[in-house]
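See below for run.txt, which holds compact mmCIF, C-alpha atoms.
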```txt
# COMPACT_ATOMS: atom_id res chain seq x y z
CA MET A 1 0.00 0.00 0.00
CA VAL A 2 1.39 3.38 -1.05
CA ILE A 3 1.04 5.92 1.77
CA VAL A 4 0.81 9.61 0.88
CA ASP A 5 0.87 12.36 3.48
CA THR A 6 -1.37 15.00 1.89
CA HIS A 7 -0.68 17.81 4.34
CA VAL A 8 2.75 18.46 5.77
CA HIS A 9 4.66 21.74 6.15
CA VAL A 10 8.36 22.38 5.66
CA PHE A 11 10.43 25.40 6.61
CA THR A 12 14.05 26.11 7.33
CA ASP A 13 16.08 28.05 9.88
CA ASP A 14 17.98 29.65 6.99
CA ARG A 15 16.32 33.01 7.42
CA LYS A 16 18.83 34.80 5.23
CA LYS A 17 17.83 32.94 2.08
CA TYR A 18 14.21 32.36 3.15
CA PRO A 19 13.09 35.24 5.42
CA GLN A 20 10.18 34.48 7.70
CA ILE A 21 7.45 37.09 7.71
CA SER A 22 6.87 39.31 10.72
CA ASP A 23 4.02 41.43 9.41
CA THR A 24 1.54 41.76 6.58
CA PRO A 25 0.00 44.81 4.89
CA ARG A 26 -3.47 43.36 5.50
CA ALA A 27 -3.63 43.43 9.27
CA GLY A 28 -0.42 44.66 10.86
CA THR A 29 1.39 42.13 12.99
CA ILE A 30 1.11 38.48 12.02
CA PRO A 31 -0.07 36.21 14.83
CA SER A 32 2.66 34.00 16.18
CA ILE A 33 2.29 30.23 16.37
CA LYS A 34 1.61 30.58 20.10
CA GLU A 35 -1.11 33.17 19.50
CA ILE A 36 -3.05 30.79 17.26
CA GLY A 37 -3.19 28.19 19.99
CA GLN A 38 -0.11 26.10 19.32
CA THR A 39 3.30 25.73 20.85
CA GLU A 40 6.26 26.51 18.65
CA TRP A 41 6.68 24.27 15.62
CA PRO A 42 9.94 22.34 15.37
CA VAL A 43 12.04 23.41 12.39
CA THR A 44 11.18 20.95 9.63
CA THR A 45 13.43 21.06 6.59
CA VAL A 46 12.71 18.79 3.67
CA GLU A 47 15.70 16.66 4.71
CA THR A 48 14.26 16.31 8.22
CA LEU A 49 10.86 15.44 6.79
CA ALA A 50 12.32 12.75 4.53
CA LYS A 51 13.87 11.03 7.54
CA LEU A 52 10.59 11.21 9.48
CA MET A 53 8.73 9.77 6.51
CA ASP A 54 11.23 6.91 6.19
CA GLU A 55 10.80 6.13 9.88
CA ALA A 56 7.01 6.16 9.57
CA GLY A 57 6.77 4.25 6.30
CA VAL A 58 5.31 7.19 4.36
CA HIS A 59 6.24 7.00 0.69
CA LYS A 60 5.19 10.40 -0.69
CA ALA A 61 3.92 13.77 0.48
CA THR A 62 2.36 17.01 -0.68
CA LEU A 63 4.29 19.92 0.80
CA VAL A 64 1.75 22.56 1.74
CA GLN A 65 3.01 26.12 2.01
CA ALA A 66 3.68 27.07 5.65
CA TYR A 67 1.51 30.17 5.54
CA PHE A 68 2.20 31.38 9.07
CA VAL A 69 5.93 31.18 8.37
CA TYR A 70 6.22 32.50 4.81
CA GLU A 71 2.72 33.72 3.86
CA TYR A 72 2.82 34.18 0.03
CA ASP A 73 6.56 33.60 -0.44
CA ASN A 74 6.45 30.05 -1.80
CA ARG A 75 10.15 29.69 -2.60
CA TYR A 76 11.10 27.20 0.09
CA THR A 77 8.10 24.97 -0.56
CA CYS A 78 8.99 24.88 -4.28
CA ASP A 79 12.69 24.34 -3.64
CA ALA A 80 11.95 21.57 -1.16
CA ALA A 81 9.70 19.69 -3.60
CA ARG A 82 12.44 19.78 -6.24
CA VAL A 83 14.74 17.84 -3.91
CA ASP A 84 12.84 14.69 -4.94
CA PRO A 85 10.03 15.37 -7.45
CA LYS A 86 8.98 11.71 -7.46
CA ARG A 87 8.38 11.86 -3.72
CA PHE A 88 7.18 15.41 -3.13
CA ALA A 89 4.51 17.64 -4.67
CA SER A 90 4.15 21.33 -3.84
CA VAL A 91 0.96 23.16 -2.88
CA VAL A 92 1.35 26.94 -2.82
CA VAL A 93 -0.58 29.79 -1.24
CA LEU A 94 -1.42 32.96 -3.16
CA ASP A 95 -3.67 35.88 -2.29
CA PRO A 96 -6.90 34.97 -4.13
CA LEU A 97 -7.96 38.63 -4.18
CA ASP A 98 -4.75 39.83 -5.84
CA PRO A 99 -5.21 40.36 -9.61
CA LYS A 100 -1.58 39.32 -10.12
CA SER A 101 -2.13 35.87 -8.61
CA PRO A 102 -3.36 34.09 -11.79
CA ASP A 103 -0.19 34.91 -13.69
CA GLU A 104 1.93 34.02 -10.67
CA LEU A 105 0.20 30.64 -10.48
CA SER A 106 0.97 30.03 -14.15
CA ARG A 107 4.62 30.88 -13.51
CA LEU A 108 4.79 28.58 -10.49
CA VAL A 109 3.22 25.69 -12.39
CA GLU A 110 5.21 26.12 -15.60
CA GLN A 111 8.60 27.06 -14.13
CA GLU A 112 8.58 25.65 -10.59
CA GLY A 113 6.60 22.45 -11.07
CA VAL A 114 3.85 23.39 -8.61
CA THR A 115 0.99 20.89 -8.53
CA GLY A 116 -1.59 22.42 -6.18
CA MET A 117 -3.10 25.67 -4.93
CA ARG A 118 -4.31 26.55 -1.45
CA PHE A 119 -6.79 29.17 -0.28
CA MET A 120 -5.64 30.06 3.23
CA ARG A 121 -8.07 32.49 4.85
CA GLY A 122 -5.52 33.71 7.39
CA ARG A 123 -5.94 37.46 7.54
CA LEU A 124 -8.09 37.78 4.43
CA PRO A 125 -11.67 39.11 4.74
CA ALA A 126 -14.20 36.56 5.95
CA THR A 127 -16.10 36.80 2.65
CA SER A 128 -13.06 36.07 0.48
CA LEU A 129 -14.27 32.61 -0.55
CA GLY A 130 -17.26 34.12 -2.32
CA GLU A 131 -15.65 37.21 -3.81
CA PRO A 132 -15.94 37.57 -7.63
CA ALA A 133 -12.39 38.97 -7.41
CA THR A 134 -11.24 35.36 -6.94
CA PHE A 135 -12.79 34.17 -10.21
CA PRO A 136 -9.75 34.93 -12.42
CA LEU A 137 -7.65 32.67 -10.22
CA TRP A 138 -10.30 29.97 -10.40
CA GLU A 139 -10.31 30.28 -14.18
CA ARG A 140 -6.54 29.85 -14.24
CA MET A 141 -6.68 26.82 -11.93
CA GLN A 142 -9.21 25.20 -14.24
CA LYS A 143 -7.07 25.96 -17.30
CA LEU A 144 -3.93 24.56 -15.64
CA ASN A 145 -5.80 21.56 -14.17
CA ILE A 146 -4.59 22.47 -10.67
CA PRO A 147 -6.50 21.15 -7.62
CA LEU A 148 -7.46 23.54 -4.83
CA ALA A 149 -7.13 22.96 -1.09
CA VAL A 150 -9.31 25.16 1.12
CA ASN A 151 -8.58 26.18 4.69
CA ASP A 152 -11.37 28.16 6.32
CA ARG A 153 -13.92 27.94 9.10
CA ILE A 154 -16.60 25.37 8.38
CA ILE A 155 -19.37 27.97 8.54
CA GLU A 156 -17.67 29.87 5.71
CA LEU A 157 -17.35 26.92 3.32
CA PRO A 158 -20.73 27.32 1.55
CA LYS A 159 -19.59 30.73 0.26
CA ILE A 160 -17.31 28.92 -2.19
CA ARG A 161 -20.17 27.18 -3.97
CA THR A 162 -20.74 29.93 -6.57
CA ALA A 163 -17.13 29.73 -7.73
CA MET A 164 -17.25 25.92 -7.80
CA GLU A 165 -20.35 25.98 -9.97
CA ARG A 166 -18.77 28.55 -12.27
CA TYR A 167 -15.56 26.47 -12.62
CA PRO A 168 -16.78 22.87 -12.21
CA ASP A 169 -13.58 21.17 -13.38
CA VAL A 170 -11.51 22.39 -10.43
CA LYS A 171 -11.01 19.64 -7.86
CA VAL A 172 -11.60 21.06 -4.37
CA CYS A 173 -10.26 19.53 -1.19
CA PHE A 174 -11.53 20.80 2.14
CA GLU A 175 -8.68 20.64 4.63
CA HIS A 176 -8.90 19.20 8.14
CA ALA A 177 -9.84 22.64 9.56
CA TRP A 178 -13.48 21.62 9.06
CA GLY A 179 -13.13 19.33 12.06
CA HIS A 180 -11.51 21.23 14.91
CA LYS A 181 -14.86 20.68 16.62
CA VAL A 182 -17.14 17.93 15.35
CA GLY A 183 -19.74 17.37 18.05
CA THR A 184 -21.46 13.99 18.29
CA PRO A 185 -23.34 11.74 15.82
CA PRO A 186 -25.03 12.50 13.49
CA TYR A 187 -22.64 15.50 13.51
CA PRO A 188 -25.00 18.42 12.75
CA ASP A 189 -22.08 20.82 13.21
CA LEU A 190 -20.52 19.35 10.07
CA ALA A 191 -23.58 19.98 7.88
CA PRO A 192 -21.81 22.70 5.81
CA LEU A 193 -19.17 20.14 4.82
CA PHE A 194 -21.67 17.36 4.15
CA SER A 195 -23.67 19.67 1.88
CA PHE A 196 -20.96 19.25 -0.78
CA ALA A 197 -21.29 15.47 -0.92
CA ASP A 198 -23.17 15.51 -4.24
CA ASN A 199 -20.23 17.17 -6.02
CA PRO A 200 -17.88 14.45 -7.32
CA ASN A 201 -15.00 16.94 -7.50
CA VAL A 202 -15.04 17.56 -3.73
CA TYR A 203 -12.54 15.77 -1.51
CA VAL A 204 -12.03 15.74 2.24
CA LYS A 205 -8.67 15.82 3.95
CA THR A 206 -8.46 14.38 7.47
CA ALA A 207 -5.79 14.61 10.15
CA ILE A 208 -5.00 13.77 13.75
CA ASN A 209 -6.85 16.85 15.05
CA ASN A 210 -10.11 15.46 13.62
CA ILE A 211 -9.59 12.25 15.57
CA ALA A 212 -8.89 14.27 18.71
CA ALA A 213 -11.96 16.46 18.13
CA ALA A 214 -14.24 13.43 17.99
CA ARG A 215 -12.86 12.18 21.28
CA ASP A 216 -12.97 15.61 22.90
CA ALA A 217 -16.70 15.71 22.17
CA GLY A 218 -17.17 12.48 24.09
CA GLY A 219 -17.49 10.28 21.04
CA ILE A 220 -15.19 7.86 19.26
CA ALA A 221 -13.23 8.61 16.12
CA GLU A 222 -14.43 5.48 14.33
CA GLU A 223 -17.99 6.88 14.30
CA LEU A 224 -16.78 10.09 12.68
CA TYR A 225 -14.96 8.19 9.94
CA GLU A 226 -17.96 5.95 9.42
CA LYS A 227 -20.03 9.09 8.77
CA LEU A 228 -17.39 10.46 6.40
CA MET A 229 -17.36 7.16 4.54
CA GLN A 230 -21.15 7.13 4.22
CA THR A 231 -21.11 10.72 2.94
CA PHE A 232 -18.10 10.83 0.62
CA GLY A 233 -16.71 7.32 0.21
CA ALA A 234 -13.06 6.27 0.48
CA LYS A 235 -12.16 7.54 -2.98
CA ARG A 236 -12.79 11.12 -1.84
CA ILE A 237 -11.07 10.99 1.57
CA MET A 238 -7.34 11.63 2.12
CA TRP A 239 -5.11 11.09 5.15
CA SER A 240 -2.59 13.65 6.33
CA SER A 241 -0.27 14.04 9.30
CA ASN A 242 -0.57 17.85 9.50
CA TYR A 243 3.00 17.79 10.82
CA PRO A 244 4.55 19.86 12.40
CA ALA A 245 1.34 21.68 13.37
CA HIS A 246 -0.11 20.75 16.76
CA PRO A 247 3.17 19.45 18.25
CA LYS A 248 1.27 17.77 21.09
CA PHE A 249 0.46 14.97 18.64
CA ASN A 250 4.18 14.16 18.25
CA GLY A 251 5.78 13.06 15.00
CA VAL A 252 4.66 11.70 11.64
CA LYS A 253 4.92 8.06 12.72
CA SER A 254 2.73 8.43 15.78
CA ARG A 255 0.10 10.31 13.77
CA LEU A 256 0.06 7.66 11.07
CA ASP A 257 -0.06 4.83 13.60
CA GLU A 258 -3.06 6.43 15.33
CA ALA A 259 -4.88 6.86 12.02
CA LYS A 260 -4.22 3.21 11.16
CA LYS A 261 -5.73 2.12 14.47
CA VAL A 262 -8.84 4.24 13.98
CA LEU A 263 -9.37 3.09 10.38
CA ALA A 264 -8.71 -0.57 11.07
CA PHE A 265 -12.47 -1.27 10.90
CA LEU A 266 -12.51 -0.42 7.20
CA SER A 267 -11.76 -2.85 4.40
CA GLU A 268 -8.24 -3.10 3.04
CA GLU A 269 -9.40 -1.54 -0.23
CA ASP A 270 -10.97 1.46 1.50
CA ARG A 271 -7.82 2.02 3.55
CA ARG A 272 -5.71 1.76 0.41
CA TRP A 273 -7.64 4.69 -1.06
CA ILE A 274 -7.66 6.86 2.07
CA PHE A 275 -3.96 6.40 2.80
CA GLY A 276 -2.73 6.84 -0.75
CA GLU A 277 -4.79 6.19 -3.87
CA THR A 278 -7.11 9.17 -3.43
CA ALA A 279 -4.12 11.50 -3.19
CA LEU A 280 -2.52 9.91 -6.25
CA SER A 281 -5.73 10.52 -8.21
CA VAL A 282 -5.69 14.22 -7.27
CA PHE A 283 -1.91 14.66 -7.64
CA PRO A 284 -1.13 12.22 -10.49
CA GLY A 285 2.44 13.49 -10.79
CA LEU A 286 3.26 11.67 -7.55
CA ARG A 287 2.39 8.32 -9.09
```

Mind turning the file's structure into structure tokens?
Amino acid sequence: MVIVDTHVHVFTDDRKKYPQISDTPRAGTIPSIKEIGQTEWPVTTVETLAKLMDEAGVHKATLVQAYFVYEYDNRYTCDAARVDPKRFASVVVLDPLDPKSPDELSRLVEQEGVTGMRFMRGRLPATSLGEPATFPLWERMQKLNIPLAVNDRIIELPKIRTAMERYPDVKVCFEHAWGHKVGTPPYPDLAPLFSFADNPNVYVKTAINNIAAARDAGGIAEELYEKLMQTFGAKRIMWSSNYPAHPKFNGVKSRLDEAKKVLAFLSEEDRRWIFGETALSVFPGLR
């Protein structure tokens, strides 16, 4: 079984070549890792990540831009993916409201080998998912056949529907942020996510924090995954470690091991899709 980590961040302590941001023109001072409810992330270079993946038995990974470290400067993510293009794919973050972003995405895809785009709400306006100003970037993603990962509060997700209907060929993956709080079965709090189930181009990314959220609500993680399976099916669900975010969950291996335990009730075929084949269908270059 090929195992693909669909959400892992890399960054380096080489701040001379890859400066880390300290502010943004949108909202003044950028929140630190501690201010967004996490302890400090351990420095995770692509070389460090490769060793952690080898230890865990993870074969491939999509490197997702570390937004709170570099914001829209995607250079390290791109450089890291080029270290081993057969093992790593890069997912970049651009300002979806910036009219220059479509051309920058084309440059990143054509010159840097980028394979995915991410909408990271961060300090953008709460309505950014539904803004017509984002449509040119959607049009470019559709033209380039680039999948989109979305990080936003679950209550905001329905705002993206207009753009999805306008550009139906863009594959959209809702990141694990949908499940910081999940409640209990039948999970009414997750209704905004479930409302996209009828769209075959919608995928769901899961991580260790979703497992923890189910338990924190007094339930069991297996019930949450059973609901996800009933709603989306294994071919539209992807596993991720979300490393090094949420350091309390330890390393890549422990996160993968916990996911394997929780998903042990599923068939081997379903687990094969969740742990790898779904990701390979969305990021075919990794195959």

Among the residues A:Ser101, A:Asn250, A:Gln111, A:Ser267, the one that comes closest to A:Pro136 [using all atoms listed in the file]: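 Comparing A:Ser101, A:Asn250, A:Gln111, A:Ser267 against A:Pro136, the winner is A:Ser101.
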
Residues within 12 Å of (-19.3, 20.5, -13.1), file coords, all atoms listed in the file, listed as a list in words: Gln142, Arg161, Thr162, Ala163, Met164, Glu165, Arg166, Tyr167, Pro168, Asp169, Val170, Lys171, Val172, Asp198, Asn199, Pro200, Asn201 and Val202 of chain A

Go ahead and dump the residues you just picked, C-alpha atoms, as a PDB file, in the frame of the given file.
```pdb
ATOM      1  CA  GLN A 142      -9.210  25.200 -14.240  1.00  0.00           C
ATOM      2  CA  ARG A 161     -20.170  27.180  -3.970  1.00  0.00           C
ATOM      3  CA  THR A 162     -20.740  29.930  -6.570  1.00  0.00           C
ATOM      4  CA  ALA A 163     -17.130  29.730  -7.730  1.00  0.00           C
ATOM      5  CA  MET A 164     -17.250  25.920  -7.800  1.00  0.00           C
ATOM      6  CA  GLU A 165     -20.350  25.980  -9.970  1.00  0.00           C
ATOM      7  CA  ARG A 166     -18.770  28.550 -12.270  1.00  0.00           C
ATOM      8  CA  TYR A 167     -15.560  26.470 -12.620  1.00  0.00           C
ATOM      9  CA  PRO A 168     -16.780  22.870 -12.210  1.00  0.00           C
ATOM     10  CA  ASP A 169     -13.580  21.170 -13.380  1.00  0.00           C
ATOM     11  CA  VAL A 170     -11.510  22.390 -10.430  1.00  0.00           C
ATOM     12  CA  LYS A 171     -11.010  19.640  -7.860  1.00  0.00           C
ATOM     13  CA  VAL A 172     -11.600  21.060  -4.370  1.00  0.00           C
ATOM     14  CA  ASP A 198     -23.170  15.510  -4.240  1.00  0.00           C
ATOM     15  CA  ASN A 199     -20.230  17.170  -6.020  1.00  0.00           C
ATOM     16  CA  PRO A 200     -17.880  14.450  -7.320  1.00  0.00           C
ATOM     17  CA  ASN A 201     -15.000  16.940  -7.500  1.00  0.00           C
ATOM     18  CA  VAL A 202     -15.040  17.560  -3.730  1.00  0.00           C
TER      19      VAL A 202
END
```

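The space separating atom CA of A:His9 from atom CA of A:Leu148 comes to 16.5 Å.
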
Mind dumping a table of every stretch 79-178 of chain A residue within 12 Å of stretch 208-232 of chain A, with the nearest atom pair and its distance in Å to one decimal, using only C-alpha atoms, sorted by chain and rising number, as a Markdown table?
```
| residue | atom | partner | partner_atom | distance |
| --- | --- | --- | --- | --- |
| A:Cys173 | CA | A:Phe232 | CA | 11.9 |
| A:Glu175 | CA | A:Asn210 | CA | 10.5 |
| A:His176 | CA | A:Asn210 | CA | 6.7 |
| A:Ala177 | CA | A:Asn210 | CA | 8.3 |
| A:Trp178 | CA | A:Asn210 | CA | 8.4 |
```

Contact residues around A:Tyr76 with all atoms listed in the file at 9 Å, ignoring same-chain residues under 4 positions, as JSON, numbers by chain: {"A": [10, 11, 12, 18, 65, 70, 80, 81]}

Since we have the selection now, will you write its residues out, keeping C-alpha atoms, as a JSON list (two decimals), in the frame of the given file?
```json
[["chain", "number", "residue", "atom", "x", "y", "z"],
["A", 10, "VAL", "CA", 8.36, 22.38, 5.66],
["A", 11, "PHE", "CA", 10.43, 25.40, 6.61],
["A", 12, "THR", "CA", 14.05, 26.11, 7.33],
["A", 18, "TYR", "CA", 14.21, 32.36, 3.15],
["A", 65, "GLN", "CA", 3.01, 26.12, 2.01],
["A", 70, "TYR", "CA", 6.22, 32.50, 4.81],
["A", 80, "ALA", "CA", 11.95, 21.57, -1.16],
["A", 81, "ALA", "CA", 9.70, 19.69, -3.60]]
```

Selection: 10 Å around stretch 269-278 of chain A, all atoms listed in the file, excl. self and same-chain fewer than 3 positions, as a PyMOL selection string: chain A and resi 1-6+58-61+203-206+229+233-240+256+259-260+263-266+281-284+287

Distance in Å - atom CA of A:Leu97 versus atom CA of A:Arg118: 12.9 Å

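The gap separating atom CA of A:Phe174 from atom CA of A:Ala149 is 5.9 Å, in Å to one decimal.
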
Nearest residue to A:Ala66 from the set A:Val92, A:Leu190, A:Leu280, A:Leu129 (distances using only C-alpha atoms): A:Val92

Pick from A:Phe135, A:Met141, A:Arg153, A:Val69 nearest to A:Arg15, counting only C-alpha atoms: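 Looking only at the distances to A:Arg15, the closest residue turns out to be A:Val69.
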
Set up a box along x, y and z of the file covering all listed atoms of stretch 14-21 of chain A, add 4 Å on every one of the six sides, and write the centre and edge lengths in Å to one decimal, as AutoDock Vina command-line options.
```
--center_x 13.1 --center_y 33.4 --center_z 4.9 --size_x 19.4 --size_y 15.4 --size_z 13.6
```

Would you kindly place N, CA and C atoms on stretch 3-18 of chain A and return the model as an mmCIF file, in the frame of the given file?
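Dumped everything to part-v2.cif:
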```cif
data_model
loop_
_atom_site.group_PDB
_atom_site.id
_atom_site.type_symbol
_atom_site.label_atom_id
_atom_site.label_comp_id
_atom_site.auth_asym_id
_atom_site.auth_seq_id
_atom_site.Cartn_x
_atom_site.Cartn_y
_atom_site.Cartn_z
ATOM 1 N N ILE A 3 1.548 4.965 0.791
ATOM 2 C CA ILE A 3 1.040 5.920 1.770
ATOM 3 C C ILE A 3 1.503 7.316 1.389
ATOM 4 N N VAL A 4 0.532 8.223 1.260
ATOM 5 C CA VAL A 4 0.810 9.610 0.880
ATOM 6 C C VAL A 4 0.336 10.526 2.005
ATOM 7 N N ASP A 5 1.228 11.346 2.496
ATOM 8 C CA ASP A 5 0.870 12.360 3.480
ATOM 9 C C ASP A 5 0.446 13.602 2.698
ATOM 10 N N THR A 6 -0.846 13.932 2.745
ATOM 11 C CA THR A 6 -1.370 15.000 1.890
ATOM 12 C C THR A 6 -1.305 16.383 2.517
ATOM 13 N N HIS A 7 -0.764 16.476 3.727
ATOM 14 C CA HIS A 7 -0.680 17.810 4.340
ATOM 15 C C HIS A 7 0.454 17.834 5.347
ATOM 16 N N VAL A 8 1.598 18.322 4.896
ATOM 17 C CA VAL A 8 2.750 18.460 5.770
ATOM 18 C C VAL A 8 3.468 19.754 5.390
ATOM 19 N N HIS A 9 3.996 20.458 6.390
ATOM 20 C CA HIS A 9 4.660 21.740 6.150
ATOM 21 C C HIS A 9 6.167 21.598 6.317
ATOM 22 N N VAL A 10 6.905 22.338 5.504
ATOM 23 C CA VAL A 10 8.360 22.380 5.660
ATOM 24 C C VAL A 10 8.803 23.838 5.740
ATOM 25 N N PHE A 11 9.801 24.080 6.558
ATOM 26 C CA PHE A 11 10.430 25.400 6.610
ATOM 27 C C PHE A 11 11.819 25.224 7.196
ATOM 28 N N THR A 12 12.651 26.213 6.978
ATOM 29 C CA THR A 12 14.050 26.110 7.330
ATOM 30 C C THR A 12 14.459 27.222 8.288
ATOM 31 N N ASP A 13 15.554 26.997 9.015
ATOM 32 C CA ASP A 13 16.080 28.050 9.880
ATOM 33 C C ASP A 13 17.055 28.963 9.121
ATOM 34 N N ASP A 14 17.177 28.756 7.814
ATOM 35 C CA ASP A 14 17.980 29.650 6.990
ATOM 36 C C ASP A 14 17.154 30.890 6.669
ATOM 37 N N ARG A 15 17.157 31.840 7.580
ATOM 38 C CA ARG A 15 16.320 33.010 7.420
ATOM 39 C C ARG A 15 16.938 34.057 6.497
ATOM 40 N N LYS A 16 18.203 33.879 6.167
ATOM 41 C CA LYS A 16 18.830 34.800 5.230
ATOM 42 C C LYS A 16 18.328 34.546 3.825
ATOM 43 N N LYS A 17 18.288 33.285 3.422
ATOM 44 C CA LYS A 17 17.830 32.940 2.080
ATOM 45 C C LYS A 17 16.306 32.911 2.013
ATOM 46 N N TYR A 18 15.664 32.480 3.114
ATOM 47 C CA TYR A 18 14.210 32.360 3.150
ATOM 48 C C TYR A 18 13.677 33.123 4.366
#
```
